[in-house]
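As stored in my_file.pdb (PDB, C-alpha atoms and all ligand atoms):
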MODEL        1
ATOM      1  CA  MET A  13     139.220 217.986 107.740
ATOM      2  CA  ASP A  14     141.691 218.379 110.582
ATOM      3  CA  GLY A  15     140.267 218.316 114.094
ATOM      4  CA  GLU A  16     137.572 220.957 114.208
ATOM      5  CA  THR A  17     138.544 222.713 110.963
ATOM      6  CA  LEU A  18     137.541 222.004 107.391
ATOM      7  CA  THR A  19     140.067 223.606 105.030
ATOM      8  CA  VAL A  20     138.948 224.384 101.493
ATOM      9  CA  ARG A  21     141.657 225.441  99.043
ATOM     10  CA  THR A  22     140.432 227.258  95.965
ATOM     11  CA  PRO A  23     141.828 229.598  93.315
ATOM     12  CA  ALA A  24     138.614 231.610  93.724
ATOM     13  CA  VAL A  25     139.946 233.558  96.761
ATOM     14  CA  ARG A  26     143.069 235.658  97.238
ATOM     15  CA  GLN A  27     142.942 235.789 101.029
ATOM     16  CA  SER A  28     142.176 233.273 103.751
ATOM     17  CA  HIS A  29     138.820 233.411 105.490
ATOM     18  CA  ARG A  30     138.103 231.555 108.706
ATOM     19  CA  LEU A  31     134.508 231.148 109.920
ATOM     20  CA  LEU A  32     133.076 229.712 113.107
ATOM     21  CA  LEU A  33     130.050 227.472 112.486
ATOM     22  CA  VAL A  34     127.533 226.438 115.126
ATOM     23  CA  GLY A  35     124.446 224.354 114.505
ATOM     24  CA  ASP A  36     121.790 222.455 116.387
ATOM     25  CA  ALA A  37     122.574 223.726 119.875
ATOM     26  CA  HIS A  38     118.926 222.926 120.741
ATOM     27  CA  TYR A  39     118.500 225.235 123.722
ATOM     28  CA  ALA A  40     115.264 224.619 125.649
ATOM     29  CA  THR A  41     115.383 228.001 127.363
ATOM     30  CA  ASP A  42     111.993 229.052 128.769
ATOM     31  CA  ASP A  43     110.370 230.815 131.724
ATOM     32  CA  ALA A  44     106.907 231.594 133.099
ATOM     33  CA  ARG A  45     105.982 233.455 129.916
ATOM     34  CA  GLY A  46     106.106 230.091 128.134
ATOM     35  CA  GLU A  47     103.418 228.614 130.391
ATOM     36  CA  PRO A  48     100.540 229.111 127.910
ATOM     37  CA  PHE A  49     102.605 227.254 125.283
ATOM     38  CA  ARG A  50     103.645 224.271 127.422
ATOM     39  CA  ARG A  51     101.531 221.788 125.519
ATOM     40  CA  TYR A  52     103.283 222.865 122.330
ATOM     41  CA  SER A  53     106.792 222.904 123.811
ATOM     42  CA  ALA A  54     106.631 219.903 126.182
ATOM     43  CA  ARG A  55     108.232 217.273 123.954
ATOM     44  CA  MET A  56     111.181 219.556 123.216
ATOM     45  CA  SER A  57     111.566 220.940 126.757
ATOM     46  CA  GLY A  58     114.643 218.858 127.611
ATOM     47  CA  GLY A  59     118.014 220.378 126.842
ATOM     48  CA  PRO A  60     120.389 223.074 128.019
ATOM     49  CA  ARG A  61     118.850 226.406 129.036
ATOM     50  CA  ASP A  62     121.787 228.628 129.794
ATOM     51  CA  MET A  63     123.796 229.822 126.792
ATOM     52  CA  GLY A  64     127.053 230.387 128.662
ATOM     53  CA  ASP A  65     128.743 227.635 126.627
ATOM     54  CA  LEU A  66     127.766 229.368 123.419
ATOM     55  CA  ARG A  67     129.319 232.633 124.620
ATOM     56  CA  LYS A  68     132.535 230.723 125.377
ATOM     57  CA  ASP A  69     132.455 229.101 121.919
ATOM     58  CA  LEU A  70     132.258 232.534 120.302
ATOM     59  CA  GLU A  71     135.175 233.805 122.382
ATOM     60  CA  ARG A  72     137.245 230.776 121.375
ATOM     61  CA  GLY A  73     136.329 231.411 117.750
ATOM     62  CA  ARG A  74     137.477 235.015 117.986
ATOM     63  CA  LYS A  75     140.783 233.932 119.541
ATOM     64  CA  ALA A  76     141.253 231.382 116.733
ATOM     65  CA  GLY A  77     141.013 234.227 114.206
ATOM     66  CA  CYS A  78     137.490 233.665 112.889
ATOM     67  CA  GLU A  79     136.167 236.752 111.125
ATOM     68  CA  ALA A  80     132.522 235.829 111.657
ATOM     69  CA  ALA A  81     130.297 233.203 113.258
ATOM     70  CA  LEU A  82     127.307 231.549 111.611
ATOM     71  CA  PHE A  83     124.437 230.037 113.606
ATOM     72  CA  LEU A  84     122.867 227.472 111.295
ATOM     73  CA  GLY A  85     119.514 226.753 112.888
ATOM     74  CA  ASP A  86     117.891 224.695 115.619
ATOM     75  CA  MET A  87     119.674 226.896 118.103
ATOM     76  CA  LEU A  88     116.298 226.939 119.918
ATOM     77  CA  ASN A  89     113.891 224.042 120.490
ATOM     78  CA  PHE A  90     110.870 226.367 120.212
ATOM     79  CA  PRO A  91     110.378 230.135 119.948
ATOM     80  CA  SER A  92     110.042 231.017 123.639
ATOM     81  CA  GLU A  93     110.464 234.653 124.609
ATOM     82  CA  ALA A  94     113.172 233.695 127.103
ATOM     83  CA  GLY A  95     115.092 231.684 124.491
ATOM     84  CA  VAL A  96     114.934 234.415 121.878
ATOM     85  CA  GLU A  97     115.952 237.067 124.419
ATOM     86  CA  GLN A  98     118.986 235.128 125.576
ATOM     87  CA  LEU A  99     120.095 234.216 122.056
ATOM     88  CA  THR A 100     119.593 237.812 120.889
ATOM     89  CA  ASP A 101     121.829 238.917 123.754
ATOM     90  CA  VAL A 102     124.489 236.321 122.816
ATOM     91  CA  ILE A 103     124.505 237.638 119.234
ATOM     92  CA  ALA A 104     124.464 241.319 120.273
ATOM     93  CA  LYS A 105     127.407 240.849 122.653
ATOM     94  CA  ALA A 106     129.338 238.387 120.504
ATOM     95  CA  PRO A 107     133.061 239.180 120.203
ATOM     96  CA  LEU A 108     132.861 238.679 116.427
ATOM     97  CA  PRO A 109     130.098 239.411 113.872
ATOM     98  CA  THR A 110     127.514 236.668 114.315
ATOM     99  CA  TYR A 111     124.783 235.759 111.843
ATOM    100  CA  TYR A 112     121.711 233.632 112.393
ATOM    101  CA  ILE A 113     119.376 231.646 110.173
ATOM    102  CA  SER A 114     116.506 229.506 111.430
ATOM    103  CA  GLY A 115     116.102 225.741 111.595
ATOM    104  CA  ASN A 116     112.889 223.739 111.687
ATOM    105  CA  HIS A 117     112.650 223.820 115.480
ATOM    106  CA  ASP A 118     113.409 227.494 116.196
ATOM    107  CA  TRP A 119     109.959 228.631 115.036
ATOM    108  CA  HIS A 120     107.968 225.480 115.852
ATOM    109  CA  TYR A 121     105.497 225.068 118.699
ATOM    110  CA  GLU A 122     104.425 221.489 118.027
ATOM    111  CA  GLY A 123     100.736 220.954 117.425
ATOM    112  CA  LEU A 124      99.774 224.475 116.422
ATOM    113  CA  PRO A 125      97.621 224.341 113.290
ATOM    114  CA  GLY A 126      98.874 225.697 109.987
ATOM    115  CA  THR A 127     101.251 224.976 107.170
ATOM    116  CA  GLU A 128     104.965 224.957 107.855
ATOM    117  CA  ALA A 129     105.418 228.092 105.751
ATOM    118  CA  ASP A 130     102.639 229.950 107.611
ATOM    119  CA  LEU A 131     103.855 228.920 111.066
ATOM    120  CA  ARG A 132     107.380 229.971 110.196
ATOM    121  CA  ARG A 133     106.188 233.351 108.918
ATOM    122  CA  GLU A 134     104.082 233.910 112.031
ATOM    123  CA  TRP A 135     106.702 232.946 114.623
ATOM    124  CA  VAL A 136     109.590 234.637 112.892
ATOM    125  CA  ALA A 137     107.542 237.847 113.005
ATOM    126  CA  ARG A 138     106.242 237.309 116.557
ATOM    127  CA  ARG A 139     109.436 236.079 118.202
ATOM    128  CA  LEU A 140     112.580 235.370 116.170
ATOM    129  CA  LYS A 141     112.873 238.716 114.386
ATOM    130  CA  PRO A 142     115.480 240.354 116.702
ATOM    131  CA  LEU A 143     117.922 237.504 115.990
ATOM    132  CA  TYR A 144     118.365 238.712 112.405
ATOM    133  CA  ARG A 145     119.433 242.250 113.396
ATOM    134  CA  GLY A 146     117.570 243.823 110.497
ATOM    135  CA  HIS A 147     118.449 241.249 107.829
ATOM    136  CA  ASP A 148     115.723 239.541 105.809
ATOM    137  CA  PRO A 149     114.953 236.348 107.782
ATOM    138  CA  MET A 150     114.380 234.326 104.608
ATOM    139  CA  ALA A 151     117.634 235.182 102.813
ATOM    140  CA  TYR A 152     120.495 237.632 103.218
ATOM    141  CA  ALA A 153     124.064 237.998 102.060
ATOM    142  CA  VAL A 154     127.057 238.704 104.292
ATOM    143  CA  ARG A 155     130.183 240.112 102.636
ATOM    144  CA  LEU A 156     133.543 239.085 104.041
ATOM    145  CA  GLY A 157     135.809 240.972 101.663
ATOM    146  CA  GLU A 158     135.868 238.985  98.429
ATOM    147  CA  LEU A 159     133.818 236.104  99.893
ATOM    148  CA  LYS A 160     130.028 236.130 100.159
ATOM    149  CA  ILE A 161     128.042 234.097 102.637
ATOM    150  CA  LEU A 162     124.464 233.441 101.510
ATOM    151  CA  MET A 163     122.266 232.826 104.546
ATOM    152  CA  VAL A 164     119.099 231.059 103.350
ATOM    153  CA  ASP A 165     116.216 229.699 105.442
ATOM    154  CA  ASP A 166     115.396 226.256 104.038
ATOM    155  CA  SER A 167     113.930 225.012 107.318
ATOM    156  CA  THR A 168     110.666 223.783 105.747
ATOM    157  CA  TYR A 169     112.771 221.791 103.199
ATOM    158  CA  GLU A 170     111.287 224.105 100.603
ATOM    159  CA  ILE A 171     112.577 227.194  98.816
ATOM    160  CA  LEU A 172     110.399 230.233  98.149
ATOM    161  CA  PRO A 173     110.454 232.024  94.777
ATOM    162  CA  ALA A 174     112.088 235.099  96.358
ATOM    163  CA  GLN A 175     114.868 232.881  97.738
ATOM    164  CA  LEU A 176     115.556 231.409  94.296
ATOM    165  CA  GLU A 177     115.737 234.939  92.896
ATOM    166  CA  PHE A 178     118.079 235.859  95.746
ATOM    167  CA  LEU A 179     120.401 232.949  94.869
ATOM    168  CA  ARG A 180     120.467 233.894  91.202
ATOM    169  CA  ARG A 181     121.057 237.583  91.965
ATOM    170  CA  GLU A 182     123.814 236.980  94.512
ATOM    171  CA  LEU A 183     125.705 234.470  92.383
ATOM    172  CA  ALA A 184     125.349 236.414  89.143
ATOM    173  CA  ASN A 185     128.539 238.493  89.390
ATOM    174  CA  GLY A 186     130.782 235.436  89.736
ATOM    175  CA  ALA A 187     132.066 236.311  93.225
ATOM    176  CA  PRO A 188     132.963 233.274  95.350
ATOM    177  CA  ALA A 189     130.154 232.348  97.724
ATOM    178  CA  VAL A 190     129.250 229.829 100.406
ATOM    179  CA  LEU A 191     125.623 228.870 101.015
ATOM    180  CA  ALA A 192     124.732 228.629 104.722
ATOM    181  CA  ALA A 193     121.436 226.934 105.576
ATOM    182  CA  HIS A 194     119.947 224.558 108.125
ATOM    183  CA  ILE A 195     118.930 221.569 106.000
ATOM    184  CA  PRO A 196     121.605 220.095 103.719
ATOM    185  CA  LEU A 197     121.030 219.842  99.987
ATOM    186  CA  HIS A 198     120.410 216.473  98.411
ATOM    187  CA  LEU A 199     123.401 214.717  96.841
ATOM    188  CA  ALA A 200     122.905 211.789  94.457
ATOM    189  CA  TRP A 201     125.036 209.390  96.526
ATOM    190  CA  ARG A 202     123.088 210.241  99.691
ATOM    191  CA  ARG A 203     119.717 209.238  98.280
ATOM    192  CA  GLY A 204     119.255 206.873 101.225
ATOM    193  CA  ASP A 205     119.140 209.849 103.619
ATOM    194  CA  ILE A 206     115.931 211.837 103.217
ATOM    195  CA  PHE A 207     117.195 214.475 105.687
ATOM    196  CA  PHE A 208     119.766 215.618 103.120
ATOM    197  CA  GLY A 209     116.469 216.847 101.926
ATOM    198  CA  VAL A 210     116.474 220.043  99.876
ATOM    199  CA  GLY A 211     116.033 218.885  96.292
ATOM    200  CA  HIS A 212     115.741 215.204  97.264
ATOM    201  CA  PRO A 213     113.745 213.439  94.511
ATOM    202  CA  ASP A 214     111.970 211.140  97.022
ATOM    203  CA  TRP A 215     111.044 213.887  99.513
ATOM    204  CA  GLY A 216     107.285 214.038 100.133
ATOM    205  CA  ALA A 217     104.367 212.597 102.095
ATOM    206  CA  ALA A 218     105.420 208.971 101.588
ATOM    207  CA  THR A 219     108.907 209.511 103.036
ATOM    208  CA  ASP A 220     108.003 211.832 105.952
ATOM    209  CA  PRO A 221     108.907 209.810 109.067
ATOM    210  CA  TYR A 222     108.113 212.316 111.814
ATOM    211  CA  TRP A 223     105.034 214.374 110.968
ATOM    212  CA  GLU A 224     102.875 212.766 113.650
ATOM    213  CA  PHE A 225     105.667 212.707 116.204
ATOM    214  CA  GLU A 226     106.463 216.390 115.618
ATOM    215  CA  ARG A 227     102.758 217.296 115.308
ATOM    216  CA  ARG A 228     103.074 219.222 112.070
ATOM    217  CA  GLU A 229     101.634 219.013 108.591
ATOM    218  CA  ARG A 230     102.898 216.135 106.520
ATOM    219  CA  TRP A 231     105.355 216.841 103.706
ATOM    220  CA  PRO A 232     103.342 217.390 100.494
ATOM    221  CA  GLU A 233     102.039 214.515  98.357
ATOM    222  CA  GLY A 234     103.613 215.949  95.239
ATOM    223  CA  GLY A 235     107.100 216.320  96.740
ATOM    224  CA  HIS A 236     109.168 219.422  96.136
ATOM    225  CA  SER A 237     107.993 222.527  94.336
ATOM    226  CA  GLN A 238     109.580 223.373  90.992
ATOM    227  CA  THR A 239     111.185 226.338  92.752
ATOM    228  CA  THR A 240     112.959 224.081  95.256
ATOM    229  CA  LEU A 241     114.167 221.766  92.499
ATOM    230  CA  ALA A 242     115.441 224.745  90.476
ATOM    231  CA  PHE A 243     117.275 226.068  93.549
ATOM    232  CA  TRP A 244     118.951 222.696  94.074
ATOM    233  CA  ARG A 245     119.929 222.384  90.401
ATOM    234  CA  GLU A 246     121.244 225.910  90.071
ATOM    235  CA  ALA A 247     123.113 225.904  93.372
ATOM    236  CA  TRP A 248     125.150 222.872  92.343
ATOM    237  CA  ALA A 249     125.518 224.104  88.760
ATOM    238  CA  THR A 250     126.945 227.558  89.565
ATOM    239  CA  PRO A 251     130.753 227.353  89.641
ATOM    240  CA  ASN A 252     131.276 230.296  92.009
ATOM    241  CA  LEU A 253     129.212 228.609  94.723
ATOM    242  CA  LEU A 254     132.162 227.019  96.508
ATOM    243  CA  GLY A 255     130.039 224.898  98.790
ATOM    244  CA  VAL A 256     127.359 224.536 101.425
ATOM    245  CA  VAL A 257     127.471 224.534 105.228
ATOM    246  CA  ALA A 258     124.461 223.091 107.062
ATOM    247  CA  GLY A 259     123.248 221.317 110.191
ATOM    248  CA  HIS A 260     120.033 219.404 110.937
ATOM    249  CA  ILE A 261     121.534 215.877 110.712
ATOM    250  CA  HIS A 262     123.409 216.043 114.053
ATOM    251  CA  THR A 263     126.248 213.958 112.601
ATOM    252  CA  GLN A 264     129.265 215.541 110.984
ATOM    253  CA  SER A 265     129.949 214.818 107.342
ATOM    254  CA  VAL A 266     131.952 216.287 104.491
ATOM    255  CA  ASP A 267     131.195 215.616 100.850
ATOM    256  CA  ALA A 268     133.734 216.863  98.325
ATOM    257  CA  PHE A 269     132.968 216.616  94.613
ATOM    258  CA  ASP A 270     133.477 218.572  91.373
ATOM    259  CA  GLY A 271     135.620 221.141  93.179
ATOM    260  CA  ARG A 272     132.993 221.909  95.799
ATOM    261  CA  PHE A 273     131.855 220.716  99.189
ATOM    262  CA  GLN A 274     128.985 220.247 101.585
ATOM    263  CA  PHE A 275     129.937 220.380 105.258
ATOM    264  CA  VAL A 276     127.318 219.173 107.759
ATOM    265  CA  LEU A 277     127.968 220.066 111.387
ATOM    266  CA  PRO A 278     127.734 217.835 114.419
ATOM    267  CA  LYS A 279     125.160 218.663 117.088
ATOM    268  CA  ARG A 280     126.029 221.631 119.319
ATOM    269  CA  THR A 281     129.809 221.365 118.769
ATOM    270  CA  PRO A 282     131.361 224.288 116.891
ATOM    271  CA  ARG A 283     133.444 223.727 113.800
ATOM    272  CA  GLN A 284     135.521 226.061 111.645
ATOM    273  CA  LEU A 285     135.629 226.573 107.897
ATOM    274  CA  LEU A 286     138.891 227.881 106.505
ATOM    275  CA  VAL A 287     138.762 228.993 102.864
ATOM    276  CA  GLN A 288     142.295 229.437 101.545
ATOM    277  CA  PRO A 289     143.851 230.448  98.218
ATOM    278  CA  ALA A 290     144.933 227.355  96.295
TER
HETATM  279 FE    FE B   1     116.721 220.538 112.177
ENDMDL
END
What does this structure look like when you write it as structure tokens?
Amino acid sequence: MDGETLTVRTPAVRQSHRLLLVGDAHYATDDARGEPFRRYSARMSGGPRDMGDLRKDLERGRKAGCEAALFLGDMLNFPSEAGVEQLTDVIAKAPLPTYYISGNHDWHYEGLPGTEADLRREWVARRLKPLYRGHDPMAYAVRLGELKILMVDDSTYEILPAQLEFLRRELANGAPAVLAAHIPLHLAWRRGDIFFGVGHPDWGAATDPYWEFERRERWPEGGHSQTTLAFWREAWATPNLLGVVAGHIHTQSVDAFDGRFQFVLPKRTPRQLLVQPA
């Protein structure tokens, strides 16, 4: 890690690939159309509203030679029409190809009844859909020459069967890939941090610190589904998955192990990933 750039050297690529990564910008953009939802958006209504900084970040990324930008979730504090419109415009006018995946806040109006999975499905369809520019909001692959970026929505901490199938299918041909998601995957030496939560063996109702605060359903009594645990196991066991980029934690970290990495972004501040031939 040097300044804002994480460099990964690997024999798996023949060319260099530089990516701009942005996570957890937490825009609270809203207007009069959000009035009926105020009691669901109030707690999260503080934060920047104008995305001018984000446009500048993308321009800087282009100038630095990034071939694409990834938005890794919690770009929005709640799915307001004004927020989605402005972010859609940022992506549409971006000076480099820009790809979005959701975090746990983007689709969440706090206090609405329903399971996390149902609320996400509803609000992705009702509001967030334009941000994906036709890609499947739950999982899609971006090809950057020889390198694949697997954009996966893990913003409920859980993985759906179709997303596990997607991972298996996309990794099957051995091409080098990077998984891009909002919530980091569990790592054995980070067992003390439940927010490195996908595949965490202690994740569940007993360890959910914020369900009342965030006015959502509590994490399930039984912990992760078998599908989520299989996703976690297979992701780390597949050699051509070079590593993971994620957000959610708001504190930067890099774990490097067994020839792979997990790079967690700081809040709002862009970082770059440079994948270079070894
Ligand atoms: Fe988050």
- Please, what distance in Å, to one decimal, runs between atom CA of Ala106 of chain A and atom CA of Glu47 of chain A?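 These two atoms are separated by 29.4 Å.
Picked by the PyMOL selection byres (((chain A and resi 83-87) around 8) and not hetatm) from the coordinates shown: Leu33, Val34, Gly35, Asp36, Ala37, His38, Tyr39, Ala81, Leu82, Leu88, Asn89, Thr110, Tyr111, Tyr112, Ile113, Ser114, Gly115, Asn116, His117, Asp118, Ala192, Ala193, His194, Ala258, Gly259 and His260 of chain A.
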- Message: Which residues are close to Leu18 of chain A, i.e. within 8 Å by all atoms listed in the file, leaving aside same-chain residues fewer than 2 positions away? Reply as a ChimeraX atom specification.
- Response: /A:13-14,16,20,283-286
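Proximity ranking of A:Pro125, A:Gly271, A:Pro251, A:Pro109 relative to Arg145 of chain A places A:Pro109 first, based on only C-alpha atoms.
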* Could you please determine the separation between atom CA of Leu66 of chain A and atom CA of Gly123 of chain A in Å, to one decimal place? =>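 Separation between atom CA of Leu66 of chain A and atom CA of Gly123 of chain A: 28.9 Å.
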Practice prompt. Determine the residue set returned by the PyMOL selection byres (((chain A and resi 130-133) around 9) and not hetatm) for the present structure, and present it as a list in words.
Written response: Asn116, Asp118, Trp119, His120, Tyr121, Leu124, Pro125, Gly126, Thr127, Glu128, Ala129, Glu134, Trp135, Val136, Ala137, Arg138, Ser167 and Thr168 of chain A
Between atom CA of Lys160 of chain A and atom CA of Leu31 of chain A lies a distance of 11.8 Å
- Expanded to explicit residues, what is the PyMOL selection byres (((chain A and resi 57) around 9) and not hetatm) for this file, as a VMD selection string? chain A and resid 39 to 42 50 53 to 56 58 to 59 89 to 90
Let me have the centre and edge lengths of the axis-aligned box enclosing all listed atoms of segment 70-84 of chain A with 8 Å padding on every side, in Å to one decimal, as JSON.
{"center_x": 132.1, "center_y": 232.1, "center_z": 116.8, "size_x": 34.4, "size_y": 25.3, "size_z": 27.3}
**Asked** So which residues touch Thr263 of chain A within 10 Å, counting all atoms listed in the file, skipping near sequence neighbours fewer than 5 positions away, as a ChimeraX atom specification?
**Response** /A:276-279
May I have the selected residues written with C-alpha atoms, as an mmCIF file, in the coordinates of the input?
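To be explicit, this is the file written out as selection17.cif:
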data_model
loop_
_atom_site.group_PDB
_atom_site.id
_atom_site.type_symbol
_atom_site.label_atom_id
_atom_site.label_comp_id
_atom_site.auth_asym_id
_atom_site.auth_seq_id
_atom_site.Cartn_x
_atom_site.Cartn_y
_atom_site.Cartn_z
ATOM 1 C CA VAL A 276 127.318 219.173 107.759
ATOM 2 C CA LEU A 277 127.968 220.066 111.387
ATOM 3 C CA PRO A 278 127.734 217.835 114.419
ATOM 4 C CA LYS A 279 125.160 218.663 117.088
#
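Contact shell of Ala174 of chain A at 10 Å (all atoms listed in the file; same-chain neighbours under 5 positions omitted): A:Met150, A:Ala151, A:Leu179, A:Arg180, A:Thr239.
Candidate residues A:Thr100, A:Ser237, A:Gln27, A:Gln288 were compared for distance to Leu254 of chain A, and the nearest is A:Gln288, using only C-alpha atoms.
Nearest-residue note for Ala187 of chain A: choosing from A:Val164, A:Leu253, A:Leu99, A:Ala153, the minimum distance belongs to A:Leu253, counting all atoms listed in the file.
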